[in-house]
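Listing of query_31.txt; format and content: compact mmCIF, C-alpha atoms and all ligand atoms.
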```
# COMPACT_ATOMS: atom_id res chain seq x y z
CA MET A 1 0.00 0.00 0.00
CA GLU A 2 1.16 3.50 -0.76
CA LEU A 3 0.66 5.30 2.55
CA GLU A 4 1.08 8.93 1.57
CA SER A 5 -1.97 8.98 -0.75
CA LYS A 6 -4.16 7.48 1.97
CA LEU A 7 -3.25 9.97 4.67
CA SER A 8 -5.34 12.97 5.69
CA GLU A 9 -3.89 16.45 5.31
CA LEU A 10 -3.17 16.33 9.03
CA GLY A 11 -1.58 12.88 8.79
CA LYS A 12 0.63 14.04 5.93
CA ASN A 13 1.82 17.04 7.88
CA LEU A 14 2.69 15.27 11.13
CA LYS A 15 6.39 15.43 11.93
CA SER A 16 8.28 13.65 14.64
CA SER A 17 9.16 15.85 17.58
CA LEU A 18 12.39 17.75 17.18
CA ILE A 19 13.19 17.29 20.86
CA ARG A 20 12.96 13.52 20.62
CA GLU A 21 15.31 13.53 17.61
CA LEU A 22 17.79 15.83 19.30
CA LEU A 23 17.91 14.04 22.60
CA LYS A 24 18.32 10.56 21.16
CA PHE A 25 21.99 10.51 22.12
CA ALA A 26 21.71 12.40 25.39
CA SER A 27 21.79 9.21 27.44
CA LEU A 28 25.15 8.02 26.05
CA PRO A 29 27.86 7.65 28.72
CA GLY A 30 29.64 10.89 29.56
CA SER A 31 26.78 13.02 28.26
CA ILE A 32 25.30 15.87 30.25
CA SER A 33 21.78 16.81 29.30
CA PHE A 34 20.00 20.05 30.06
CA GLY A 35 17.36 18.86 27.64
CA GLY A 36 14.75 16.81 29.43
CA GLY A 37 11.97 18.80 31.03
CA VAL A 38 10.76 16.09 33.35
CA PRO A 39 10.66 15.96 37.17
CA ASP A 40 13.32 14.15 39.17
CA PRO A 41 11.98 10.58 39.74
CA ASP A 42 13.36 10.58 43.28
CA THR A 43 10.73 13.18 44.15
CA PHE A 44 7.88 10.77 43.40
CA PRO A 45 6.35 9.40 46.65
CA ARG A 46 6.58 5.85 45.33
CA HIS A 47 6.11 3.90 48.56
CA GLU A 48 2.99 5.83 49.56
CA LEU A 49 1.53 5.54 46.07
CA ALA A 50 2.32 1.82 45.88
CA GLN A 51 0.59 1.12 49.17
CA ILE A 52 -2.50 3.11 48.22
CA ALA A 53 -2.56 1.46 44.79
CA GLN A 54 -2.69 -2.00 46.34
CA GLU A 55 -5.39 -0.95 48.77
CA VAL A 56 -7.74 0.66 46.29
CA THR A 57 -7.22 -2.06 43.70
CA GLU A 58 -8.20 -4.81 46.14
CA LYS A 59 -10.80 -3.07 48.26
CA GLU A 60 -12.39 -0.64 45.82
CA TYR A 61 -12.11 -2.73 42.65
CA LYS A 62 -15.74 -2.19 41.75
CA TYR A 63 -14.88 1.42 41.21
CA THR A 64 -11.18 1.50 40.38
CA LEU A 65 -11.14 -1.36 37.85
CA GLN A 66 -14.43 -0.37 36.22
CA TYR A 67 -15.14 2.24 33.52
CA ASN A 68 -15.16 5.67 35.10
CA THR A 69 -17.43 8.63 34.34
CA THR A 70 -16.14 11.07 31.73
CA GLU A 71 -15.88 13.95 34.21
CA GLY A 72 -13.83 11.76 36.56
CA ASP A 73 -13.64 10.70 40.19
CA ASP A 74 -15.91 12.66 42.57
CA GLU A 75 -13.54 12.00 45.47
CA LEU A 76 -10.67 13.51 43.53
CA ALA A 77 -12.92 16.45 42.64
CA GLN A 78 -13.56 17.07 46.35
CA GLN A 79 -9.82 16.94 47.05
CA MET A 80 -9.23 19.23 44.06
CA ILE A 81 -11.63 21.82 45.43
CA LYS A 82 -9.61 21.89 48.66
CA LEU A 83 -6.35 22.03 46.75
CA LEU A 84 -7.57 24.97 44.64
CA GLU A 85 -8.37 26.87 47.78
CA ARG A 86 -4.92 26.17 49.23
CA THR A 87 -3.04 26.88 46.01
CA TYR A 88 -4.93 29.89 44.68
CA GLY A 89 -7.40 30.92 47.35
CA ILE A 90 -10.19 30.05 44.91
CA THR A 91 -13.31 29.15 46.88
CA ASP A 92 -16.24 29.21 44.46
CA VAL A 93 -15.53 26.07 42.43
CA SER A 94 -18.15 23.31 42.44
CA ARG A 95 -18.21 19.82 40.94
CA ASP A 96 -19.64 20.94 37.59
CA ASN A 97 -16.74 23.37 37.08
CA ILE A 98 -14.27 20.46 37.09
CA ILE A 99 -13.34 17.77 34.60
CA PHE A 100 -10.31 15.52 34.87
CA THR A 101 -8.32 14.83 31.73
CA THR A 102 -5.58 12.41 30.73
CA GLY A 103 -2.82 14.88 31.59
CA SER A 104 -3.03 18.55 30.72
CA GLN A 105 -2.04 17.51 27.25
CA GLN A 106 -5.50 16.10 26.68
CA ALA A 107 -7.04 19.27 28.11
CA LEU A 108 -5.14 21.29 25.51
CA ASP A 109 -6.35 18.97 22.77
CA LEU A 110 -10.00 19.02 23.90
CA ILE A 111 -10.03 22.80 24.37
CA ALA A 112 -8.68 23.19 20.84
CA ARG A 113 -11.39 20.87 19.51
CA ILE A 114 -14.27 22.77 21.08
CA PHE A 115 -13.00 26.29 20.32
CA LEU A 116 -10.96 26.27 17.12
CA ASP A 117 -11.95 26.21 13.47
CA LYS A 118 -9.56 26.59 10.57
CA ASP A 119 -10.19 30.34 10.38
CA SER A 120 -10.05 30.97 14.14
CA ILE A 121 -7.49 33.34 15.57
CA CYS A 122 -5.58 31.90 18.48
CA PHE A 123 -2.87 33.77 20.38
CA VAL A 124 0.18 32.04 21.80
CA GLU A 125 3.36 33.24 23.43
CA TYR A 126 6.74 33.28 21.77
CA PRO A 127 8.49 31.11 22.83
CA VAL A 128 5.53 28.73 23.13
CA TYR A 129 5.09 25.55 25.17
CA LEU A 130 5.59 22.84 22.58
CA GLY A 131 2.85 20.52 23.83
CA ALA A 132 0.26 23.26 23.41
CA ALA A 133 1.48 24.14 19.94
CA SER A 134 1.27 20.53 18.81
CA ALA A 135 -2.24 20.13 20.26
CA PHE A 136 -3.53 23.34 18.65
CA ARG A 137 -1.83 22.50 15.35
CA MET A 138 -4.16 19.54 14.92
CA THR A 139 -6.82 22.12 14.00
CA LEU A 140 -5.05 25.36 13.25
CA THR A 141 -1.96 25.98 11.18
CA GLN A 142 -1.61 29.71 11.74
CA PHE A 143 -1.15 31.46 15.05
CA GLU A 144 -0.66 34.97 16.29
CA THR A 145 2.44 34.98 18.47
CA ILE A 146 2.97 37.48 21.26
CA PRO A 147 6.56 37.95 22.43
CA LEU A 148 7.43 37.19 26.04
CA GLU A 149 9.36 39.69 28.13
CA ASP A 150 11.07 39.22 31.50
CA ASP A 151 7.75 39.93 33.26
CA GLY A 152 5.36 38.08 30.98
CA ILE A 153 3.85 38.68 27.56
CA ASN A 154 4.23 42.01 25.81
CA ILE A 155 0.76 43.43 26.39
CA ASP A 156 1.33 46.56 24.32
CA TYR A 157 2.13 44.37 21.34
CA PHE A 158 -0.88 42.16 22.07
CA GLU A 159 -3.19 45.15 22.25
CA LYS A 160 -1.84 46.64 19.02
CA LYS A 161 -2.26 43.31 17.27
CA LEU A 162 -5.86 43.03 18.45
CA GLU A 163 -6.61 46.55 17.28
CA GLU A 164 -5.19 45.75 13.83
CA LEU A 165 -7.09 42.48 13.47
CA ASP A 166 -10.25 44.16 14.73
CA LYS A 167 -9.92 46.86 12.05
CA GLU A 168 -9.66 44.10 9.45
CA GLY A 169 -13.04 42.86 10.65
CA LYS A 170 -11.62 39.72 12.31
CA ARG A 171 -12.94 40.17 15.83
CA LYS A 172 -15.50 37.41 15.31
CA ASN A 173 -12.64 34.96 14.79
CA PHE A 174 -10.90 35.73 18.10
CA ARG A 175 -10.90 32.64 20.33
CA PHE A 176 -8.33 32.39 23.08
CA LEU A 177 -4.94 33.45 24.33
CA TYR A 178 -2.89 30.56 25.69
CA THR A 179 -0.50 31.54 28.45
CA VAL A 180 1.74 29.94 31.07
CA PRO A 181 1.89 32.74 33.65
CA ASN A 182 4.15 31.09 36.26
CA PHE A 183 7.72 29.90 35.61
CA HIS A 184 7.12 29.60 31.91
CA ASN A 185 8.15 26.56 29.91
CA PRO A 186 10.55 27.26 28.19
CA ALA A 187 11.17 30.93 29.07
CA GLY A 188 11.31 30.60 32.89
CA VAL A 189 9.59 33.99 33.33
CA THR A 190 6.56 34.88 35.49
CA MET A 191 3.86 37.38 34.55
CA SER A 192 3.81 40.40 36.86
CA LEU A 193 0.66 41.31 38.77
CA GLU A 194 0.30 44.51 36.80
CA LYS A 195 0.39 42.59 33.52
CA ARG A 196 -2.07 40.02 34.82
CA LYS A 197 -4.56 42.78 35.56
CA ARG A 198 -4.00 44.49 32.22
CA LEU A 199 -4.30 41.21 30.37
CA ILE A 200 -7.74 40.61 31.86
CA GLU A 201 -8.83 44.14 30.89
CA VAL A 202 -7.62 43.72 27.32
CA CYS A 203 -9.25 40.30 26.97
CA ASN A 204 -12.49 41.66 28.41
CA LYS A 205 -12.42 44.47 25.88
CA TYR A 206 -11.96 42.17 22.89
CA ASP A 207 -13.91 39.25 24.34
CA ILE A 208 -11.05 36.75 24.24
CA ILE A 209 -10.90 33.68 26.45
CA ILE A 210 -7.73 33.26 28.50
CA LEU A 211 -6.43 29.71 28.67
CA GLU A 212 -4.26 29.71 31.78
CA ASP A 213 -1.89 26.75 31.99
CA ASP A 214 -0.27 26.51 35.42
CA PRO A 215 1.65 23.26 35.96
CA TYR A 216 4.50 24.94 37.87
CA GLY A 217 2.78 27.45 40.18
CA ALA A 218 3.38 25.31 43.26
CA LEU A 219 7.10 24.93 42.46
CA ARG A 220 8.05 28.36 43.77
CA PHE A 221 11.57 28.82 45.17
CA GLU A 222 11.11 32.22 46.78
CA GLY A 223 8.70 35.11 47.24
CA GLU A 224 4.93 35.22 47.42
CA SER A 225 2.80 33.61 44.76
CA LEU A 226 0.84 35.98 42.54
CA PRO A 227 -2.94 35.70 42.10
CA SER A 228 -3.88 33.40 39.24
CA LEU A 229 -5.55 34.85 36.17
CA TYR A 230 -8.53 32.69 37.09
CA SER A 231 -8.83 34.39 40.50
CA LEU A 232 -8.53 37.81 38.86
CA GLY A 233 -10.73 37.29 35.81
CA GLY A 234 -13.13 34.64 37.06
CA PRO A 235 -14.71 31.82 35.06
CA GLU A 236 -16.34 34.33 32.69
CA ARG A 237 -12.94 35.08 31.21
CA VAL A 238 -10.51 32.34 32.19
CA VAL A 239 -10.23 28.57 31.82
CA LEU A 240 -7.61 27.16 34.18
CA LEU A 241 -5.55 24.05 33.40
CA ASN A 242 -3.76 22.19 36.13
CA THR A 243 -1.92 18.89 36.40
CA PHE A 244 -0.37 16.52 38.90
CA SER A 245 2.53 15.87 36.52
CA LYS A 246 5.03 18.30 38.05
CA ILE A 247 3.88 18.23 41.68
CA LEU A 248 3.28 14.49 42.15
CA THR A 249 3.97 12.25 39.16
CA PRO A 250 3.44 12.53 35.40
CA GLY A 251 2.97 8.76 35.17
CA MET A 252 -0.58 8.99 36.56
CA ARG A 253 -1.53 11.25 33.65
CA ILE A 254 -4.00 13.34 35.63
CA GLY A 255 -4.80 16.83 34.45
CA VAL A 256 -7.80 18.97 35.27
CA ILE A 257 -9.80 21.76 33.67
CA ILE A 258 -11.46 24.36 35.89
CA GLY A 259 -13.98 26.47 34.04
CA ARG A 260 -17.51 27.63 33.46
CA ALA A 261 -19.96 24.73 33.73
CA ASP A 262 -21.10 25.02 30.10
CA ILE A 263 -17.49 24.93 28.86
CA VAL A 264 -16.79 21.92 31.06
CA ARG A 265 -19.88 20.18 29.63
CA LYS A 266 -18.65 20.76 26.07
CA VAL A 267 -15.23 19.40 27.00
CA ASN A 268 -16.99 16.38 28.52
CA MET A 269 -18.76 15.65 25.22
CA ALA A 270 -15.50 15.99 23.29
CA LYS A 271 -13.72 13.71 25.78
CA GLN A 272 -16.34 11.00 25.29
CA GLY A 273 -15.21 10.77 21.68
CA ALA A 274 -11.56 10.85 22.62
CA ASP A 275 -11.19 8.24 25.38
CA LEU A 276 -14.56 7.86 27.24
CA CYS A 277 -12.85 8.46 30.58
CA SER A 278 -9.49 8.81 32.26
CA PRO A 279 -8.30 5.85 34.35
CA GLY A 280 -10.38 5.63 37.54
CA LEU A 281 -7.65 3.72 39.31
CA ASN A 282 -5.12 6.53 38.93
CA GLN A 283 -7.62 9.17 39.98
CA ARG A 284 -8.61 7.28 43.12
CA ILE A 285 -4.95 6.71 44.05
CA VAL A 286 -4.28 10.43 43.85
CA ALA A 287 -7.51 11.27 45.70
CA ARG A 288 -6.44 9.00 48.59
CA TYR A 289 -2.94 10.39 48.53
CA LEU A 290 -4.28 13.94 48.89
CA GLU A 291 -6.62 12.83 51.65
CA ARG A 292 -3.85 11.14 53.65
CA TYR A 293 -0.80 13.29 53.03
CA ASP A 294 -0.01 16.98 52.77
CA ILE A 295 1.14 17.37 49.18
CA PHE A 296 2.77 20.73 49.93
CA ALA A 297 4.82 19.24 52.74
CA HIS A 298 5.87 16.47 50.35
CA LEU A 299 6.86 19.07 47.75
CA LYS A 300 9.12 21.02 50.08
CA PRO A 301 12.26 18.87 49.68
CA ALA A 302 11.65 18.64 45.92
CA ILE A 303 11.43 22.43 45.67
CA GLU A 304 14.56 22.75 47.79
CA LEU A 305 16.38 20.32 45.47
CA TYR A 306 15.32 22.26 42.36
CA ARG A 307 16.15 25.59 43.94
CA LYS A 308 19.68 24.47 44.79
CA LYS A 309 20.25 23.14 41.29
CA LYS A 310 18.83 26.33 39.80
CA ASP A 311 21.19 28.45 41.94
CA THR A 312 24.12 26.31 40.83
CA MET A 313 23.20 26.80 37.18
CA ILE A 314 22.70 30.55 37.55
CA LYS A 315 26.09 30.86 39.28
CA ALA A 316 27.75 28.81 36.55
CA LEU A 317 26.12 30.98 33.88
CA GLU A 318 27.34 34.14 35.61
CA GLU A 319 30.87 32.74 35.81
CA ASN A 320 31.00 31.55 32.23
CA PHE A 321 28.77 33.82 30.16
CA SER A 322 29.05 37.29 31.70
CA ASP A 323 31.91 38.13 29.33
CA ILE A 324 29.92 37.33 26.18
CA GLU A 325 28.19 40.57 25.35
CA GLY A 326 24.57 40.32 24.31
CA THR A 327 23.96 37.15 26.31
CA HIS A 328 20.86 37.23 28.47
CA TRP A 329 19.07 34.99 30.94
CA VAL A 330 16.43 35.39 33.62
CA ASN A 331 16.89 33.98 37.10
CA PRO A 332 13.62 32.04 37.54
CA THR A 333 11.82 32.14 40.89
CA GLY A 334 10.38 28.66 40.35
CA GLY A 335 9.79 25.88 37.84
CA LEU A 336 12.32 23.80 35.95
CA PHE A 337 13.83 25.98 33.22
CA ILE A 338 16.31 28.69 32.33
CA TRP A 339 16.10 30.35 28.93
CA LEU A 340 19.54 31.38 27.72
CA THR A 341 19.71 33.87 24.86
CA LEU A 342 22.99 34.36 22.99
CA PRO A 343 23.83 37.33 20.74
CA GLU A 344 21.39 37.62 17.84
CA GLU A 345 23.58 36.08 15.12
CA PHE A 346 23.93 32.78 16.96
CA ASP A 347 21.83 29.91 15.65
CA THR A 348 21.44 27.41 18.48
CA MET A 349 20.10 24.74 16.13
CA GLU A 350 23.16 24.91 13.93
CA MET A 351 25.36 25.04 17.03
CA PHE A 352 23.78 21.86 18.35
CA ASP A 353 26.10 19.66 16.24
CA MET A 354 29.11 21.08 18.06
CA ALA A 355 27.38 20.66 21.41
CA LYS A 356 26.73 17.02 20.56
CA GLU A 357 30.45 16.49 19.92
CA LYS A 358 31.18 17.85 23.40
CA LYS A 359 28.37 15.72 24.81
CA ILE A 360 26.34 18.62 26.15
CA TYR A 361 22.67 18.78 25.28
CA TYR A 362 20.09 21.55 25.32
CA ILE A 363 16.89 22.31 23.42
CA PRO A 364 17.43 24.89 20.67
CA GLY A 365 14.97 27.81 20.79
CA GLU A 366 13.78 26.92 17.30
CA ALA A 367 11.82 24.04 18.84
CA PHE A 368 9.62 26.56 20.65
CA THR A 369 8.68 28.62 17.62
CA ILE A 370 5.50 28.09 15.64
CA ASP A 371 7.19 28.28 12.24
CA ASP A 372 10.64 26.74 12.90
CA SER A 373 12.29 30.13 12.60
CA LYS A 374 15.91 30.44 13.69
CA SER A 375 16.64 31.29 17.28
CA SER A 376 19.64 32.43 19.32
CA SER A 377 18.06 31.04 22.51
CA MET A 378 18.03 27.65 24.16
CA ARG A 379 16.14 25.99 26.99
CA LEU A 380 18.26 24.67 29.83
CA SER A 381 16.64 22.41 32.37
CA PHE A 382 18.34 22.02 35.73
CA CYS A 383 16.06 19.43 37.31
CA LEU A 384 17.74 16.15 36.31
CA PRO A 385 21.54 16.64 36.22
CA SER A 386 23.50 16.65 39.49
CA GLU A 387 25.12 19.88 40.71
CA GLU A 388 28.56 18.68 39.53
CA GLN A 389 27.09 17.90 36.14
CA ILE A 390 25.48 21.33 35.98
CA ILE A 391 28.83 23.04 36.61
CA GLU A 392 30.67 20.83 34.14
CA GLY A 393 27.81 21.14 31.62
CA VAL A 394 27.77 24.93 31.63
CA GLU A 395 31.57 24.91 31.14
CA ARG A 396 31.17 22.62 28.14
CA LEU A 397 28.42 24.87 26.82
CA LYS A 398 30.70 27.88 27.08
CA LYS A 399 33.36 26.07 25.04
CA VAL A 400 30.76 25.24 22.40
CA VAL A 401 29.58 28.86 22.23
CA VAL A 402 33.14 30.20 21.92
CA GLU A 403 34.06 27.64 19.27
CA TYR A 404 30.90 28.31 17.26
CA GLY A 405 31.23 32.09 17.69
CA LYS A 406 34.83 32.04 16.45
CA LYS A 407 34.04 29.82 13.50
CA LYS A 408 31.24 32.16 12.45
CA GLY A 409 33.27 35.30 13.18
CA LEU A 410 30.80 36.40 15.80
CA ILE A 411 33.17 36.84 18.74
C1 LIG B 501 4.68 19.75 31.74
C2 LIG B 501 3.67 20.71 31.25
C3 LIG B 501 2.32 20.35 31.20
C4 LIG B 501 1.87 19.01 31.74
O1 LIG B 501 1.38 18.18 30.80
P1 LIG B 501 0.75 16.81 31.31
O2 LIG B 501 0.05 16.32 30.09
O3 LIG B 501 -0.21 17.15 32.41
O4 LIG B 501 1.84 15.93 31.78
C5 LIG B 501 1.41 21.29 30.76
N1 LIG B 501 1.79 22.52 30.38
C6 LIG B 501 3.06 22.92 30.43
C7 LIG B 501 3.43 24.31 30.07
C8 LIG B 501 4.05 22.01 30.85
O5 LIG B 501 5.33 22.40 30.90
```

Can the structure from this file be put into structure tokens for me?
Ligand SMILES: *Cc1c(COP(=O)(O)O)cnc(C)c1O
Amino acid sequence: MELESKLSELGKNLKSSLIRELLKFASLPGSISFGGGVPDPDTFPRHELAQIAQEVTEKEYKYTLQYNTTEGDDELAQQMIKLLERTYGITDVSRDNIIFTTGSQQALDLIARIFLDKDSICFVEYPVYLGAASAFRMTLTQFETIPLEDDGINIDYFEKKLEELDKEGKRKNFRFLYTVPNFHNPAGVTMSLEKRKRLIEVCNKYDIIILEDDPYGALRFEGESLPSLYSLGGPERVVLLNTFSKILTPGMRIGVIIGRADIVRKVNMAKQGADLCSPGLNQRIVARYLERYDIFAHLKPAIELYRKKKDTMIKALEENFSDIEGTHWVNPTGGLFIWLTLPEEFDTMEMFDMAKEKKIYYIPGEAFTIDDSKSSSMRLSFCLPSEEQIIEGVERLKKVVVEYGKKKGLI
């Protein structure tokens, strides 16, 4: 059979993930990888989860081993309501504002399905979280990108863009702005309170939904947490996505959408066609975990571990990169990533071949663009390598940058 002629337009256009291709060799001996954006497995409470898993499988098998409802476990929903209050101070969420999804990734996919048509206008940040871009791309091929600054998206740019599109008569096509306000993946930045308030005003004015994706909010190293967009704008303006992937374990694949009841109902109908329900067993395990243990107390050592590694990486960057003019990075106050930007003429994708030779891995900024445009930035993750590896890795990276810069006549 000739496959190409049988494939849908979408099927034809699917490409394998750049990150997967790039990181294929990152596990070879002697390699140091700043690539993987996954939590440290030693932070997973494996013994507690294993014990609960055995219990609920044997004693509650009529629920946990059966088909679940599409909206998910009511016990987990009750725990979620408590967690939302603790995390965000949100108190007015009821059961019909909540639907559990198979990771936030499915939430992104379902939201795209219920809101986007081919001619819709959807706003994303630049750089953009890859998972969101690939979910939205299933429906849309064109996006409006809003540049990120050190304190969140460039709202002046966003407003100007909206004004322009509105003048062209496109307001009816506006759908949503997707944003990661806390400890952005990949940019590491956090949206300031002032910008959060302005963003709500602007989106109210142009009637745009805000899709707030907050997997990292609880992984704060220092300072007070800022009010979520959902707390500021309410369910009339904001749909909030959350996940247990970064605060407990990604293996459970439990994400959640908090939103207006009619939006949640639409998502529910779309989810029925996607997978009927998310695993009841996993949801009940997490519900029991939250009932029995204090997840924030559990997170403390994990946050401390990430904070120390982050500090080590920032110090290494200061020691190695301060003398390369035009290099820029933001010291993140939480999350898992540092976004390193080299002088404009550097192409971190092209430079990757040299990095590979020195066995140091990062994700080139190009991977976080919508249109594969060249980038002088890269995402560095500090969560998996040890502190010694971080120091050694940044030194290797410096050598790569100098070698590449000299070869290209840039430094
Ligand atoms: C890791 C991450 C998620 C989580 O996705 P899951 O499907 O819940 O594992 C969502 N959004 C962003 C920005 C992330 O970095």

Around all of ligand LIG 501 (chain B)'s listed atoms, make the axis-aligned box with 3 Å on each side and tell me centre and edge lengths in Å to one decimal, as JSON.
```
{"center_x": 2.6, "center_y": 20.1, "center_z": 31.2, "size_x": 11.5, "size_y": 14.4, "size_z": 8.3}
```

For Leu49 in chain A: contacts at 10 Å, only C-alpha atoms, fewer than 5 positions along chain excluded, given as a PDB file with C-alpha atoms, in the coordinates of the input:
```
ATOM      1  CA  PHE A  44       7.880  10.770  43.400  1.00  0.00           C
ATOM      2  CA  GLN A  54      -2.690  -2.000  46.340  1.00  0.00           C
ATOM      3  CA  GLU A  55      -5.390  -0.950  48.770  1.00  0.00           C
ATOM      4  CA  LEU A 248       3.280  14.490  42.150  1.00  0.00           C
ATOM      5  CA  THR A 249       3.970  12.250  39.160  1.00  0.00           C
ATOM      6  CA  ASN A 282      -5.120   6.530  38.930  1.00  0.00           C
ATOM      7  CA  ILE A 285      -4.950   6.710  44.050  1.00  0.00           C
ATOM      8  CA  VAL A 286      -4.280  10.430  43.850  1.00  0.00           C
ATOM      9  CA  ARG A 288      -6.440   9.000  48.590  1.00  0.00           C
ATOM     10  CA  TYR A 289      -2.940  10.390  48.530  1.00  0.00           C
TER      11      TYR A 289
END
```

- Message: Could you list, as a ChimeraX atom specification, all residues that come within 9 Å of ligand LIG 501 (chain B)? Count all atoms listed in the file.
- Response: /A:37-39,101-108,128-132,179-180,183-186,213-216,241-246,249-256,335-336

Can you build me a table of range 216-319 of chain A residues sitting at most 9 Å from range 77-96 of chain A, with the closest atom pair per residue and its distance in Å to one decimal, using all atoms listed in the file, sorted by chain and residue number, as JSON lines?
```
{"residue": "A:Gly217", "atom": "CA", "partner": "A:Thr87", "partner_atom": "CA", "distance": 8.3}
{"residue": "A:Ala218", "atom": "CA", "partner": "A:Thr87", "partner_atom": "CA", "distance": 7.2}
{"residue": "A:Ser225", "atom": "CA", "partner": "A:Tyr88", "partner_atom": "CA", "distance": 8.6}
{"residue": "A:Leu226", "atom": "CA", "partner": "A:Tyr88", "partner_atom": "CA", "distance": 8.7}
{"residue": "A:Pro227", "atom": "CA", "partner": "A:Tyr88", "partner_atom": "CA", "distance": 6.7}
{"residue": "A:Ser228", "atom": "CA", "partner": "A:Tyr88", "partner_atom": "CA", "distance": 6.6}
{"residue": "A:Tyr230", "atom": "CA", "partner": "A:Ile90", "partner_atom": "CA", "distance": 8.4}
{"residue": "A:Ser231", "atom": "CA", "partner": "A:Ile90", "partner_atom": "CA", "distance": 6.3}
{"residue": "A:Val256", "atom": "CA", "partner": "A:Met80", "partner_atom": "CA", "distance": 8.9}
{"residue": "A:Ile258", "atom": "CA", "partner": "A:Val93", "partner_atom": "CA", "distance": 7.9}
{"residue": "A:Gly259", "atom": "CA", "partner": "A:Val93", "partner_atom": "CA", "distance": 8.5}
{"residue": "A:Arg260", "atom": "CA", "partner": "A:Asp96", "partner_atom": "CA", "distance": 8.1}
{"residue": "A:Ala261", "atom": "CA", "partner": "A:Asp96", "partner_atom": "CA", "distance": 5.4}
{"residue": "A:Asp262", "atom": "CA", "partner": "A:Asp96", "partner_atom": "CA", "distance": 8.7}
{"residue": "A:Val264", "atom": "CA", "partner": "A:Asp96", "partner_atom": "CA", "distance": 7.2}
{"residue": "A:Arg265", "atom": "CA", "partner": "A:Asp96", "partner_atom": "CA", "distance": 8.0}
{"residue": "A:Ala287", "atom": "CA", "partner": "A:Gln79", "partner_atom": "CA", "distance": 6.3}
{"residue": "A:Arg288", "atom": "CA", "partner": "A:Gln79", "partner_atom": "CA", "distance": 8.8}
{"residue": "A:Leu290", "atom": "CA", "partner": "A:Gln79", "partner_atom": "CA", "distance": 6.6}
{"residue": "A:Glu291", "atom": "CA", "partner": "A:Gln79", "partner_atom": "CA", "distance": 6.9}
```

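When all atoms listed in the file are used to measure the gap to Thr190 in chain A, the shortest distance among A:Phe382, A:Phe337, A:Phe352, A:Phe346 belongs to A:Phe337.
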